[in-house]
Each structure stands twice: as structure tokens, then as C-alpha cells.
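A.B. asks: Could you have a look at this structure, given as C-alpha cells, before my questions?
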Amino acid sequence: MAEYILARKNNRNIPREDKIFGISSRAKAAIAEKGKDNVISGTIGALLDDDGKLVVLQSVDEVFRSLKPVDYAEYAPIGGTQPFREAVKKAAFGSSVPEGYIEAVATPGGTGSIRNVISNYSEPGDKVLTSDWHWAPYGTISGEIGRSIATFELFTEDGTFNADSFRAASSALLAEQNSLVIILNTPAHNPTGYSLTDEDWDKVIDILTEEAKCGKAIALLVDSAYIDFAGDEDKYRSFMPGLSRLPENVISIVAYSLSKTFTLYGARCGAMICVAKTPEIAEEFKRVAEYSSRGSWSNSAKIAQVILSRIYGDPELLDKVNQERKIYRDMLAARGRAFSEAAVECGLKIVPYDAGFFVSVPCDDPDGISRKLEERDVFLVPLAKGIRVSVASLPEETCRKLPAIIKEVMDCEN
């Protein structure tokens with residue numbers, strides 16, 4: 001059969017099956033056949049409890065169930081309701097609000113933010129810069145709107161942030177293009193769990209300040225989807241005021257998602273929030289973001305916007321949500337520690353891990369290793385440079401025994 005019958009390829013590489021969802025489906029089939037105690041599925045990018053059930057914050061669910069139809073049935077404004085815009089700034093920045101002109105526009109999850117930034121701050125044919133270890137849909141989103149991905153090496157040989165590679169890649173692309181979009185996924189990076197330190201951020205800001213002297217437009221997108229499951233909220237936001245140091249032709253945009261932080265995955269709500277040097281640039285951001293929203297999904301679902309507004313309008317409720325989230329964040333941290341410690345014990349090399357939903361294991365043949373693991377009823381996601389393990393979806397006990405299984409399979413392959 002021809003690759004395309006009526007649809008047009010349009011320079012895109014469209015797989016017949018999404019890799020992550022395909023593996024996840026096979027894992028579910030294996031569990032149905034053999035039982036959940038006989039299968040390890042570290043594929044799911046959502047937080048599950050030790051029984052494999054989706055974690056939903058009950059404090060958030062109570063707000064959800066208290067809503068009336070008028071709260072969610074009517075359209076929200078394209079850019080989001082005004083209470084939501086204000087609430088999401090507080091949620092994203094906490095006590096670390098940068099100086100500058102800040103605007104927020106609602107999007108369907110963090111994915112919508114990424115799409116709108118690439119669409120408005122790069123040109124067709126441009127390359128978007130991100131790290132070599134990255135969330136694969138960055139490439140899908142870029143390719144869908146006529147861009148592509150270029151990468152820098154995230155780590156040096158000793159496992160620290162590779163500022164030299166970031167500088168070289170940024171400089172090379174700015175020499176070729178009239179604009180540059182940069183995506184940094186931090187803290188609790190997907191797929192490695194690495195978090196840029198404040199010292200790493202100082203290097204990023206110094207490099208971009210120097211590169212910006214060329215006068216070209218630069219957009220720095222901070223994909224912060226996992227920020228509230230990284231650790232202490234203030235500590236992991238301490239880099240944000242530094243965004244104010246960037247020059248006028250560098251706009252910082254934070255992609256914030258309600259999916260993980262408020263366990264509202266299915267509500268598909270987030271925001272893109274800019275930090276601009278001038279009111280004109282901030283107003284331009286709002287205008288182009290809303291225009292792109294209108295031309296793609298129109299407006300975002302209202303229900304999560306109302307939920308967030310209610311939570312941030314009630315200090316006692318906000319405290320209740322934060323305290324409940326901390327319980328699960330501590331659970332996640334224990335899983336990550338268990339996997340990391342067990343990896344050291346069995347000699348399995350992992351990518352530097354700090355916090356978050358995922359740990360990555362570097363290897364030369366990710367697809368082959370993944371297939372071999374599936375033969376042992378272990379389902380993990382192959383990436384370009386290794387295997388991704390969702391510690392968010394596995395009990396601590398499983399996180400502690402899994403590294404030895406991976407090591408054994410990798411040793412057999414070698």
C-alpha cells in the first residue's frame with residue numbers, strides 16, 4: 001500500500017504508531033493477560049499510586065465537584081479568564097516573580113504553549129534549539145508547523161550542564177537564522193530528571209546576553225511542566241528572577257501546566273507566561289499568542305481555569321492542596337532515590353537525576369534493549385540515546401529491583 005493515499009506528507013515524518021502510546025498499549029495487554037504483579041510498565045507519564053491507580057488530589061477533586069454548569073459549560077475567553085490569568089502567574093512564579101512586564105495566555109496544557117512559542121518566535125524552516133536528551137514531541141510539534149529540532153549536548157563527561165555546547169549551538173543557529181527559539185525543560189527535566197542549578201542558569205543568562213548582541217530575536221521557553229514535583233517550591237523557582245537580566249531582544253516564556261501540579265491531565269489546561277523588558281513586547285506577546293490560539297484550538301477548556309482561580313482565591317484551600325501534593329511529591333522522591341541507589345549498587349549507569357517523573361539509562365541500541373526487556377515483561381520507552389523509566393508509575397519496591405533487570409539485559413546484548 002502507498003505510504004499516503006489522499007493525505008499529504010508535507011515534509012513530515014509521520015509514524016504509523018506513537019511510540020510511547022504503542023508500548024503502553026502492549027504493556028496494558030500484557031497486564032490483562034498475565035496480571036499486574038507479573039508485568040513492569042514504566043511507560044506512563046503520570047503519577048500512579050502503589051496499586052497502579054492514577055493519583056488525583058482529593059482537595060482539587062472537591063473543587064471540581066463543587067462547580068455548577070455555568071462555571072464550566074460556557075466558553076472561556078481565547079486568552080483565558082482574567083482570574084485564571086492572575087492565578088496562573090502566582091502558580092508559576094510563587095514568591096520568585098521576575099521584574100518586568102508579565103502577561104499570561106491560557107493554552108491546552110504545556111503542549112499548547114510550546115506550539116504557540118515556536119509558531120510566533122521562529123520562521124518556517126528554522127531550527128528550534130533544545131538539549132540532546134529531550135521530550136520527543138518537541139520534534140513533532142516543530143515539524144507540524146514547518147520547523148525542525150537542533151540540539152546541544154546537555155551534559156559534560158562528568159555529568160554537569162554543558163554550557164560550552166549550549167553556547168556553540170546558540171551561536172551557530174543565530175548565524176544562520178533571523179530568530180531563535182530555545183527550549184529548556186527544567187526543573188525535573190523530561191526525560192532525565194535533571195534540574196539546572198542556579199549556577200547553570202547564570203551561565204545560560206550570560207551566554208544569551210552575549211549572543212543577543214547580534215540584535216536578533218531570541219525566545220527562551222522554560223518548559224516547567226514538572227516544577228511542583230521537583231522539590232521545595234521556593235528552591236526550584238529561585239532561578240526565575242534571573243530572567244529579568246536578559247536583554248530586550250530576548251523574551252522569556254514559561255510554559256506552565258496544570259496536568260501534573262494539580263493532577264488535571266484530562267482537563268488539558270496550562271498557560272504561556274512571558275517576562276518582557278517593555279510593555280510593547282508584552283502586549284505583542286499577548287496579541288500573537290491569542291491569534292495563534294484562535295487559529296488552532298480557539299479557546300481552552302474553562303473548567304480547569306475556574307478550579308485554579310478558586311484555589312488561589314482561598315488561602316486555606318491553597319494550603320490544603322499544597323500539603324496534599326507534598327505527600328505524593330515525597331513518595332515520588334523516594335522512588336527516584338530507590339532507583340538511583342539500586343543503579344549504583346548494580347553498576348547501571350544512569351543520566352544525572354535530580355527529581356521528577358523520569359530517569360534515563362543511556363545505551364547504544366535503545367530500541368533493541370526495549371524489545372529484549374519486553375520479552376521479560378518489562379515495558380520501558382526507548383529514546384534516541386537511551387531508555388526512559390517512569391518512576392512516577394512504579395512502586396518504590398519495583399524501582400529498587402528494576403535497575404538490576406535492565407543491567408542484566410544490557411549485559412546480555414553486549
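In the C-alpha cells, the first chain shown is A, the next is B, and so on; residue numbers restart at 1 for each chain, and ligands run from 1 in the order shown.
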Per DSSP on the backbone, filter segment 62-242 of chain A down to the residues in alpha helix (DSSP H) and report them as a VMD selection string.

C.D. replies: chain A and resid 62 to 66 69 to 72 82 to 93 109 to 121 137 to 144 163 to 176 198 to 211

A.B. asks: Using only C-alpha atoms, determine which residues lie at most 8 Å from segment 95-107 of chain A, disregarding the query and same-chain residues fewer than 6 positions distant; provide the list as a ChimeraX atom specification.

C.D. replies: /A:78-80,85-86,88-89,113,234,237-244,269-279,282-283,285-286,289-290,293,299-300

A.B. asks: The selected residues should be written to file as an mmCIF file, in the first residue's frame (atoms: N, CA and C atoms).

C.D. replies:
```cif
data_model
loop_
_atom_site.group_PDB
_atom_site.id
_atom_site.type_symbol
_atom_site.label_atom_id
_atom_site.label_comp_id
_atom_site.auth_asym_id
_atom_site.auth_seq_id
_atom_site.Cartn_x
_atom_site.Cartn_y
_atom_site.Cartn_z
ATOM 1 N N ILE A 78 -10.545 33.653 24.676
ATOM 2 C CA ILE A 78 -9.472 32.970 23.972
ATOM 3 C C ILE A 78 -8.192 32.939 24.796
ATOM 4 N N GLY A 79 -7.868 34.038 25.449
ATOM 5 C CA GLY A 79 -6.643 34.092 26.237
ATOM 6 C C GLY A 79 -6.792 33.580 27.650
ATOM 7 N N GLY A 80 -7.992 33.159 28.038
ATOM 8 C CA GLY A 80 -8.229 32.700 29.395
ATOM 9 C C GLY A 80 -9.002 33.730 30.202
ATOM 10 N N ARG A 85 -5.793 34.115 34.581
ATOM 11 C CA ARG A 85 -4.517 34.727 34.175
ATOM 12 C C ARG A 85 -3.729 35.182 35.391
ATOM 13 N N GLU A 86 -4.418 35.744 36.347
ATOM 14 C CA GLU A 86 -3.723 36.211 37.549
ATOM 15 C C GLU A 86 -3.304 35.044 38.430
ATOM 16 N N VAL A 88 -2.634 31.934 37.539
ATOM 17 C CA VAL A 88 -1.587 31.092 36.958
ATOM 18 C C VAL A 88 -0.220 31.766 37.061
ATOM 19 N N LYS A 89 -0.170 33.083 37.095
ATOM 20 C CA LYS A 89 1.112 33.766 37.341
ATOM 21 C C LYS A 89 1.614 33.428 38.739
ATOM 22 N N SER A 113 1.464 25.741 24.812
ATOM 23 C CA SER A 113 2.440 26.810 24.981
ATOM 24 C C SER A 113 3.614 26.618 24.038
ATOM 25 N N ASP A 234 9.955 26.915 46.614
ATOM 26 C CA ASP A 234 10.780 28.128 46.550
ATOM 27 C C ASP A 234 12.159 27.828 45.985
ATOM 28 N N ARG A 237 12.263 27.441 42.227
ATOM 29 C CA ARG A 237 11.890 28.643 41.477
ATOM 30 C C ARG A 237 12.920 29.769 41.646
ATOM 31 N N SER A 238 13.992 29.491 42.347
ATOM 32 C CA SER A 238 14.951 30.546 42.672
ATOM 33 C C SER A 238 15.644 31.131 41.443
ATOM 34 N N PHE A 239 15.640 30.399 40.314
ATOM 35 C CA PHE A 239 16.272 30.909 39.100
ATOM 36 C C PHE A 239 15.428 31.966 38.392
ATOM 37 N N MET A 240 14.141 32.024 38.684
ATOM 38 C CA MET A 240 13.226 32.830 37.881
ATOM 39 C C MET A 240 13.515 34.327 37.898
ATOM 40 N N PRO A 241 13.847 34.942 39.035
ATOM 41 C CA PRO A 241 14.169 36.378 38.987
ATOM 42 C C PRO A 241 15.324 36.706 38.049
ATOM 43 N N GLY A 242 16.221 35.751 37.837
ATOM 44 C CA GLY A 242 17.339 35.981 36.922
ATOM 45 C C GLY A 242 16.914 36.208 35.489
ATOM 46 N N LEU A 243 15.704 35.773 35.122
ATOM 47 C CA LEU A 243 15.222 36.002 33.754
ATOM 48 C C LEU A 243 15.128 37.484 33.439
ATOM 49 N N SER A 244 14.987 38.318 34.475
ATOM 50 C CA SER A 244 14.885 39.758 34.279
ATOM 51 C C SER A 244 16.191 40.371 33.781
ATOM 52 N N CYS A 269 -5.176 21.928 30.439
ATOM 53 C CA CYS A 269 -5.080 23.364 30.699
ATOM 54 C C CYS A 269 -3.673 23.727 31.162
ATOM 55 N N GLY A 270 -3.204 24.832 30.666
ATOM 56 C CA GLY A 270 -1.916 25.379 31.073
ATOM 57 C C GLY A 270 -1.875 26.835 30.664
ATOM 58 N N ALA A 271 -0.694 27.397 30.646
ATOM 59 C CA ALA A 271 -0.546 28.791 30.241
ATOM 60 C C ALA A 271 0.866 29.042 29.752
ATOM 61 N N MET A 272 0.991 29.988 28.850
ATOM 62 C CA MET A 272 2.285 30.520 28.455
ATOM 63 C C MET A 272 2.387 31.914 29.073
ATOM 64 N N ILE A 273 3.481 32.145 29.798
ATOM 65 C CA ILE A 273 3.619 33.362 30.598
ATOM 66 C C ILE A 273 4.927 34.044 30.220
ATOM 67 N N CYS A 274 4.849 35.273 29.769
ATOM 68 C CA CYS A 274 6.054 35.953 29.300
ATOM 69 C C CYS A 274 6.643 36.860 30.371
ATOM 70 N N VAL A 275 7.946 37.040 30.292
ATOM 71 C CA VAL A 275 8.667 38.056 31.051
ATOM 72 C C VAL A 275 9.353 38.934 30.011
ATOM 73 N N ALA A 276 8.843 40.139 29.833
ATOM 74 C CA ALA A 276 9.333 41.036 28.779
ATOM 75 C C ALA A 276 9.931 42.294 29.381
ATOM 76 N N LYS A 277 10.829 42.914 28.626
ATOM 77 C CA LYS A 277 11.508 44.119 29.096
ATOM 78 C C LYS A 277 10.668 45.379 28.937
ATOM 79 N N THR A 278 9.750 45.362 27.972
ATOM 80 C CA THR A 278 8.949 46.559 27.701
ATOM 81 C C THR A 278 7.477 46.199 27.635
ATOM 82 N N PRO A 279 6.587 47.155 27.900
ATOM 83 C CA PRO A 279 5.147 46.858 27.788
ATOM 84 C C PRO A 279 4.744 46.542 26.352
ATOM 85 N N ALA A 282 5.449 42.858 25.720
ATOM 86 C CA ALA A 282 4.483 42.038 26.451
ATOM 87 C C ALA A 282 3.118 42.064 25.764
ATOM 88 N N GLU A 283 2.709 43.228 25.289
ATOM 89 C CA GLU A 283 1.427 43.347 24.599
ATOM 90 C C GLU A 283 1.467 42.587 23.278
ATOM 91 N N PHE A 285 3.280 39.947 22.691
ATOM 92 C CA PHE A 285 3.194 38.535 23.090
ATOM 93 C C PHE A 285 1.739 38.112 23.261
ATOM 94 N N LYS A 286 0.998 38.880 24.003
ATOM 95 C CA LYS A 286 -0.404 38.553 24.256
ATOM 96 C C LYS A 286 -1.202 38.504 22.953
ATOM 97 N N ALA A 289 -0.054 35.442 20.681
ATOM 98 C CA ALA A 289 -0.409 34.163 21.297
ATOM 99 C C ALA A 289 -1.908 33.904 21.173
ATOM 100 N N GLU A 290 -2.701 34.924 21.407
ATOM 101 C CA GLU A 290 -4.150 34.759 21.288
ATOM 102 C C GLU A 290 -4.558 34.526 19.833
ATOM 103 N N SER A 293 -3.799 30.956 19.061
ATOM 104 C CA SER A 293 -4.777 30.103 19.728
ATOM 105 C C SER A 293 -6.073 30.056 18.921
ATOM 106 N N ASN A 299 -10.346 28.460 21.909
ATOM 107 C CA ASN A 299 -10.131 28.746 23.328
ATOM 108 C C ASN A 299 -9.925 27.447 24.113
ATOM 109 N N SER A 300 -9.288 27.570 25.269
ATOM 110 C CA SER A 300 -9.015 26.400 26.110
ATOM 111 C C SER A 300 -10.221 26.098 26.999
#
```

A.B. asks: What are the closest atom pairs, with distances in Å to one decimal, for all residues of segment 316-401 of chain A lying within 6 Å of segment 191-207 of chain A? Consider only C-alpha atoms, order rows by chain and residue number, and present the result as JSON lines.

C.D. replies:
```
{"residue": "A:Tyr353", "atom": "CA", "partner": "A:Gly193", "partner_atom": "CA", "distance": 4.7}
{"residue": "A:Asp354", "atom": "CA", "partner": "A:Tyr194", "partner_atom": "CA", "distance": 5.0}
{"residue": "A:Ala355", "atom": "CA", "partner": "A:Gly193", "partner_atom": "CA", "distance": 5.0}
{"residue": "A:Gly356", "atom": "CA", "partner": "A:Gly193", "partner_atom": "CA", "distance": 5.3}
{"residue": "A:Phe358", "atom": "CA", "partner": "A:Pro191", "partner_atom": "CA", "distance": 5.4}
{"residue": "A:Val359", "atom": "CA", "partner": "A:Thr192", "partner_atom": "CA", "distance": 4.9}
{"residue": "A:Ser360", "atom": "CA", "partner": "A:Thr192", "partner_atom": "CA", "distance": 5.0}
```

A.B. asks: When you look at segment 142-153 of chain A with a cut-off of 9 Å (counting only C-alpha atoms), what residues show up, excluding the ones that are within fewer than 6 positions of it in the same chain? I need them as a ChimeraX atom specification.

C.D. replies: /A:10-13,114-115,118-119,122-134,161-170,173

A.B. asks: Go ahead and dump the residues you just picked, C-alpha atoms, as a JSON list (two decimals), in the first residue's frame.

C.D. replies:
```
[["chain", "number", "residue", "atom", "x", "y", "z"],
["A", 10, "ASN", "CA", 4.26, 17.94, 3.66],
["A", 11, "ASN", "CA", 7.87, 17.13, 4.63],
["A", 12, "ARG", "CA", 6.74, 15.44, 7.85],
["A", 13, "ASN", "CA", 7.81, 12.05, 9.14],
["A", 114, "ILE", "CA", 5.25, 25.09, 23.09],
["A", 115, "ARG", "CA", 3.30, 25.16, 19.86],
["A", 118, "ILE", "CA", 7.50, 28.06, 18.06],
["A", 119, "SER", "CA", 4.82, 29.41, 15.73],
["A", 122, "SER", "CA", 10.58, 31.39, 14.75],
["A", 123, "GLU", "CA", 10.20, 31.37, 10.98],
["A", 124, "PRO", "CA", 9.26, 28.49, 8.63],
["A", 125, "GLY", "CA", 12.35, 26.39, 8.03],
["A", 126, "ASP", "CA", 14.05, 27.48, 11.28],
["A", 127, "LYS", "CA", 15.64, 25.09, 13.71],
["A", 128, "VAL", "CA", 14.48, 25.16, 17.32],
["A", 129, "LEU", "CA", 17.23, 24.53, 19.87],
["A", 130, "THR", "CA", 16.87, 22.11, 22.76],
["A", 131, "SER", "CA", 19.02, 19.53, 24.54],
["A", 132, "ASP", "CA", 20.02, 16.20, 23.01],
["A", 133, "TRP", "CA", 18.05, 14.44, 25.75],
["A", 134, "HIS", "CA", 14.56, 15.86, 25.20],
["A", 161, "PHE", "CA", 25.47, 21.16, 32.43],
["A", 162, "ASN", "CA", 27.36, 21.62, 29.17],
["A", 163, "ALA", "CA", 27.44, 25.41, 28.88],
["A", 164, "ASP", "CA", 30.06, 25.30, 26.13],
["A", 165, "SER", "CA", 27.86, 23.14, 23.90],
["A", 166, "PHE", "CA", 24.88, 25.39, 24.61],
["A", 167, "ARG", "CA", 26.92, 28.46, 23.67],
["A", 168, "ALA", "CA", 28.25, 26.92, 20.46],
["A", 169, "ALA", "CA", 24.83, 25.70, 19.29],
["A", 170, "SER", "CA", 23.13, 29.02, 20.07],
["A", 173, "LEU", "CA", 21.97, 28.95, 14.79]]
```
